[in-house]
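Written below as structure tokens is the structure these notes are about.
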Amino acid sequence: MKISPEVQALAPMIQHWRRELHQIPELGLKEYQTSAYLKKQLIEMGVTEIHTRLDTALVAVFRSEKPGKTLAFRTDIDALPVTEETGAEFASKTPGKMHACGHDGHMATMLGFAKYLTLHPEVIKGTIVLLFQPAEEGPGGAQLLIEDGVLTEFGVEQIVGLHVFPEFEEGVIACKPHAMMARNGEIQLIVKGQSAHGAQPQQGADAILATSAIIQGIHTILARNVSPMEAGVITFGKITGGEAMNIIPGKVVVEGTMRAFSDSVYDQMTTRITQLATQIALGYGCECEVIFNHMYRVVDNDEAMVEALKSVAKEAYRETPPYMLAEDFSMYQTQIPGLFFFVGIRNEELGYTWPLHSGKMNFNEENLLGGVECYVGLIAALNQ
């Protein structure tokens with residue numbers, strides 16, 4: 001993406017911020033050191049209105065006498081329980097924790113944007129609200145901030161966010177209108193049978209056998225209940241059960257995830273999972289308790305805001321396919337129009353090809369300048 005000289009001048013600072021933040025990863029709602037670092041940088045660059053929410057969330061506000069909307073720009077600030085394997089000189093200093101999803105880059109982008117606004121206040125129209133949000137990886141800081149009243153307190157009319165993404169080459173800005181990322185939920189199946197000796201199976205009700213049938217049955221939902229014109233994912237990644245190789249187990253717990261690009265398909269999957277799990281369990285003399293943890297909603301991009309991004313990104317813009325990944329930015333979009341886009345970071349020559357949440361995930365900070373450039377341009381584009 002073409003970078004203006006004013007944004008390019010921020011490159012050393014953005015690299016510095018990203019690498020310092022990368023070394024102090026913290027998990028959701030415990031980002032105390034991260035929050036303190038961010039606040040210190042904002043104060044030092046001259047930001048005068050900073051609010052603290054949820055202990056670790058920050059809200060930086062820029063006001064102008066020029067007429068315009070109240071636009072919010074959001075970054076996530078939490079890290080993951082991942083052991084770093086990049087070998088970088090600025091690697092995580094906390095064993096078992098890492099910024100493996102690029103949130104360090106998102107924060108550095110936002111700090112760069114804030115610095116730009118302090119240096120060039122003439123670009124501000126209306127009010128600009130910068131949200132430094134905790135707990136994107138869980139339990140969902142966006143919803144917590146909504147419930148805390150941040151959107152209404154500051155009168156936010158539209159919201160913008162971004163994510164570095166190794167699926168796209170460096171310099172690419174990728175987005176699409178409407179459903180771009182999936183609604184997701186967690187599934188827990190508790191199958192209860194009757195324990196017995198493995199040599200006398202007739203005296204028990206085999207929870208493992210019932211569980212295997214339940215899993216196979218549930219996987220027919222996408223093939224036989226959901227329209228082939230729609231999309232969904234059901235994945236079970238964890239099974240716990242059994243005491244010994246020669247004992248019929250009386251209890252098995254299965255955990256998984258479910259995702260869809262529409263609420264109607266998601267609700268259909270939820271209903272059928274419950275029906276099939278309970279009915280199939282009964283056929284094996286067992287019971288099945290089905291527990292859902294409904295998490296984030298569909299990332300549903302406002303069409304007019306996508307057009308504004310196209311006008312800003314110009315030749316760097318690409319239309320992305322939808323991804324079954326989930327993102328709690330979607331919770332803001334249930335309240336107000338929102339725009340979420342990808343910033344390409346893939347560089348095969350430098351080995352920056354590892355996926356999000358990998359212990360080897362890394363990128364060149366020069367790509368973050370494209371995010372700042374888009375943020376700056378969107379102020380004018382969204383106020384037309």
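Residue numbering restarts at 1 for every chain of the structure tokens, chains are lettered A, B, ... in their displayed order, and ligands are numbered from 1 as they appear.
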
Can you pull out the residues contacting range 356-360 of chain A? Cut-off 10 Å, using only C-alpha atoms, and skip same-chain residues under 5 positions away; I want them as a short mmCIF file (atom, residue, chain, number, x, y, z; two decimals) with N, CA and C atoms, in the first residue's frame.
```
data_model
loop_
_atom_site.label_atom_id
_atom_site.label_comp_id
_atom_site.auth_asym_id
_atom_site.auth_seq_id
_atom_site.Cartn_x
_atom_site.Cartn_y
_atom_site.Cartn_z
N ALA A 79 -2.83 -11.29 25.09
CA ALA A 79 -1.97 -12.28 24.44
C ALA A 79 -2.56 -13.68 24.63
N LEU A 80 -1.78 -14.69 24.28
CA LEU A 80 -2.22 -16.08 24.32
C LEU A 80 -1.32 -16.95 25.20
N PRO A 81 -1.86 -18.05 25.72
CA PRO A 81 -1.03 -19.00 26.48
C PRO A 81 -0.26 -19.91 25.52
N VAL A 82 0.67 -19.31 24.77
CA VAL A 82 1.45 -20.00 23.75
C VAL A 82 2.93 -19.79 24.04
N THR A 83 3.72 -20.84 23.91
CA THR A 83 5.17 -20.72 24.09
C THR A 83 5.82 -20.21 22.81
N GLU A 84 6.59 -19.15 22.91
CA GLU A 84 7.19 -18.53 21.73
C GLU A 84 8.32 -19.38 21.16
N GLU A 85 8.32 -19.47 19.81
CA GLU A 85 9.35 -20.23 19.10
C GLU A 85 9.96 -19.42 17.96
N THR A 86 9.83 -18.09 17.99
CA THR A 86 10.32 -17.28 16.88
C THR A 86 11.84 -17.13 16.88
N GLY A 87 12.46 -17.19 18.06
CA GLY A 87 13.88 -16.94 18.16
C GLY A 87 14.24 -15.47 18.01
N ALA A 88 13.24 -14.60 18.05
CA ALA A 88 13.47 -13.16 17.87
C ALA A 88 14.19 -12.59 19.09
N GLY A 96 5.56 -19.32 28.36
CA GLY A 96 4.22 -19.85 28.17
C GLY A 96 3.19 -18.82 27.73
N LYS A 97 3.62 -17.59 27.50
CA LYS A 97 2.70 -16.55 27.02
C LYS A 97 3.36 -15.83 25.85
N MET A 98 2.52 -15.47 24.86
CA MET A 98 3.07 -14.85 23.66
C MET A 98 2.00 -14.06 22.92
N HIS A 99 2.42 -12.99 22.28
CA HIS A 99 1.55 -12.29 21.34
C HIS A 99 1.60 -13.05 20.01
N ALA A 100 0.89 -14.17 19.96
CA ALA A 100 0.92 -15.05 18.80
C ALA A 100 -0.21 -14.76 17.82
N CYS A 101 -1.02 -13.72 18.11
CA CYS A 101 -2.13 -13.38 17.22
C CYS A 101 -2.02 -11.95 16.70
N GLY A 102 -0.85 -11.34 16.91
CA GLY A 102 -0.62 -10.03 16.33
C GLY A 102 -1.18 -8.85 17.08
N VAL A 164 -3.83 -8.08 11.58
CA VAL A 164 -2.76 -8.57 10.71
C VAL A 164 -3.10 -10.00 10.32
N PHE A 165 -2.76 -10.37 9.05
CA PHE A 165 -3.24 -11.67 8.56
C PHE A 165 -2.22 -12.27 7.61
N PRO A 166 -1.66 -13.44 7.97
CA PRO A 166 -0.62 -14.06 7.15
C PRO A 166 -1.13 -14.76 5.90
N GLU A 167 -2.43 -14.76 5.66
CA GLU A 167 -2.98 -15.34 4.44
C GLU A 167 -2.79 -14.41 3.25
N GLY A 351 10.23 -15.85 5.82
CA GLY A 351 9.64 -16.91 6.63
C GLY A 351 8.45 -16.49 7.44
#
```

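Residues in contact with Gly198 in chain A at up to 8 Å, not including ones fewer than 3 positions away on its chain and judged by only C-alpha atoms, are Pro201, Met245, Asn246, Ile247 and Ile248 of chain A.
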
Excluding Asn301 in chain A and its own-chain neighbours fewer than 5 positions away, which residues fall within 8 Å of it when counting only C-alpha atoms? Please give them as a count of residues only. 11

Could you pull out the strand (DSSP E) residues of range 113-150 of chain A from DSSP and send them as a list in words? Thr127, Ile128, Val129, Leu130, Leu131, Phe132 and Gln133 of chain A

Just how far from CA of His163 in chain A is CA of Tyr37 in chain A, in Å to one decimal?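 Going from CA of Tyr37 in chain A over to CA of His163 in chain A, I get 21.0 Å.
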
Out of A:Lys2, A:Lys93, A:Arg272, A:Lys39, which residue has the shortest atom-to-atom distance to Asn367 in chain A when counting only C-alpha atoms? A:Lys2

Apply DSSP to the structure's backbone, then extract all residues of range 164-364 of chain A labelled helix (DSSP H, G or I) and return them as a PDB file with C-alpha atoms, in the first residue's frame.
```pdb
ATOM      1  CA  PRO A 201     -20.638 -55.397  29.009  1.00  0.00           C
ATOM      2  CA  GLN A 202     -24.278 -56.473  29.278  1.00  0.00           C
ATOM      3  CA  GLN A 203     -24.303 -55.203  32.857  1.00  0.00           C
ATOM      4  CA  ALA A 207     -20.651 -44.198  27.450  1.00  0.00           C
ATOM      5  CA  ILE A 208     -17.739 -44.474  24.978  1.00  0.00           C
ATOM      6  CA  LEU A 209     -19.799 -46.420  22.472  1.00  0.00           C
ATOM      7  CA  ALA A 210     -22.657 -43.938  22.839  1.00  0.00           C
ATOM      8  CA  THR A 211     -20.267 -41.035  22.451  1.00  0.00           C
ATOM      9  CA  SER A 212     -18.814 -42.401  19.213  1.00  0.00           C
ATOM     10  CA  ALA A 213     -22.314 -42.729  17.778  1.00  0.00           C
ATOM     11  CA  ILE A 214     -23.253 -39.237  18.955  1.00  0.00           C
ATOM     12  CA  ILE A 215     -20.205 -37.682  17.298  1.00  0.00           C
ATOM     13  CA  GLN A 216     -20.902 -39.465  14.023  1.00  0.00           C
ATOM     14  CA  GLY A 217     -24.550 -38.482  14.202  1.00  0.00           C
ATOM     15  CA  ILE A 218     -23.789 -34.831  14.854  1.00  0.00           C
ATOM     16  CA  ILE A 221     -26.016 -32.122  10.475  1.00  0.00           C
ATOM     17  CA  LEU A 222     -23.897 -30.237   7.957  1.00  0.00           C
ATOM     18  CA  ALA A 223     -24.526 -32.826   5.257  1.00  0.00           C
ATOM     19  CA  ARG A 224     -28.256 -33.367   5.787  1.00  0.00           C
ATOM     20  CA  ASP A 263     -27.518 -16.727  12.985  1.00  0.00           C
ATOM     21  CA  SER A 264     -30.167 -18.931  11.353  1.00  0.00           C
ATOM     22  CA  VAL A 265     -27.653 -21.675  10.486  1.00  0.00           C
ATOM     23  CA  TYR A 266     -26.033 -21.378  13.902  1.00  0.00           C
ATOM     24  CA  ASP A 267     -29.422 -21.767  15.624  1.00  0.00           C
ATOM     25  CA  GLN A 268     -30.285 -24.712  13.384  1.00  0.00           C
ATOM     26  CA  MET A 269     -27.036 -26.436  14.311  1.00  0.00           C
ATOM     27  CA  THR A 270     -27.647 -25.788  18.010  1.00  0.00           C
ATOM     28  CA  THR A 271     -31.117 -27.342  17.868  1.00  0.00           C
ATOM     29  CA  ARG A 272     -30.017 -30.431  15.956  1.00  0.00           C
ATOM     30  CA  ILE A 273     -26.942 -31.053  18.126  1.00  0.00           C
ATOM     31  CA  THR A 274     -29.205 -31.143  21.184  1.00  0.00           C
ATOM     32  CA  GLN A 275     -31.761 -33.402  19.506  1.00  0.00           C
ATOM     33  CA  LEU A 276     -29.283 -35.890  18.105  1.00  0.00           C
ATOM     34  CA  ALA A 277     -27.069 -36.083  21.178  1.00  0.00           C
ATOM     35  CA  THR A 278     -29.940 -36.767  23.572  1.00  0.00           C
ATOM     36  CA  GLN A 279     -31.780 -39.181  21.286  1.00  0.00           C
ATOM     37  CA  ILE A 280     -28.738 -41.203  20.237  1.00  0.00           C
ATOM     38  CA  ALA A 281     -27.593 -41.486  23.861  1.00  0.00           C
ATOM     39  CA  LEU A 282     -30.974 -42.945  24.822  1.00  0.00           C
ATOM     40  CA  GLY A 283     -30.577 -45.587  22.134  1.00  0.00           C
ATOM     41  CA  GLU A 303     -21.348  -2.064   3.004  1.00  0.00           C
ATOM     42  CA  ALA A 304     -20.902   1.716   2.887  1.00  0.00           C
ATOM     43  CA  MET A 305     -17.937   1.521   5.253  1.00  0.00           C
ATOM     44  CA  VAL A 306     -16.308  -1.121   3.032  1.00  0.00           C
ATOM     45  CA  GLU A 307     -16.692   1.231   0.080  1.00  0.00           C
ATOM     46  CA  ALA A 308     -14.972   3.938   2.138  1.00  0.00           C
ATOM     47  CA  LEU A 309     -12.065   1.547   2.821  1.00  0.00           C
ATOM     48  CA  LYS A 310     -11.785   0.775  -0.904  1.00  0.00           C
ATOM     49  CA  SER A 311     -11.475   4.486  -1.658  1.00  0.00           C
ATOM     50  CA  VAL A 312      -8.674   4.783   0.898  1.00  0.00           C
ATOM     51  CA  ALA A 313      -6.721   1.570   0.135  1.00  0.00           C
ATOM     52  CA  LYS A 314      -7.064   1.994  -3.651  1.00  0.00           C
ATOM     53  CA  GLU A 315      -4.869  -0.499  -5.542  1.00  0.00           C
ATOM     54  CA  ALA A 316      -3.903  -2.294  -2.295  1.00  0.00           C
ATOM     55  CA  SER A 330     -18.418  -8.548  15.955  1.00  0.00           C
ATOM     56  CA  MET A 331     -20.080  -7.677  19.256  1.00  0.00           C
ATOM     57  CA  TYR A 332     -19.702  -3.961  18.499  1.00  0.00           C
ATOM     58  CA  GLN A 333     -21.340  -4.571  15.124  1.00  0.00           C
TER      59      GLN A 333
END
```

Residues within 6 Å of range 229-240 of chain A, only C-alpha atoms, excluding chain neighbours under 4 positions, as a count of residues only: 9
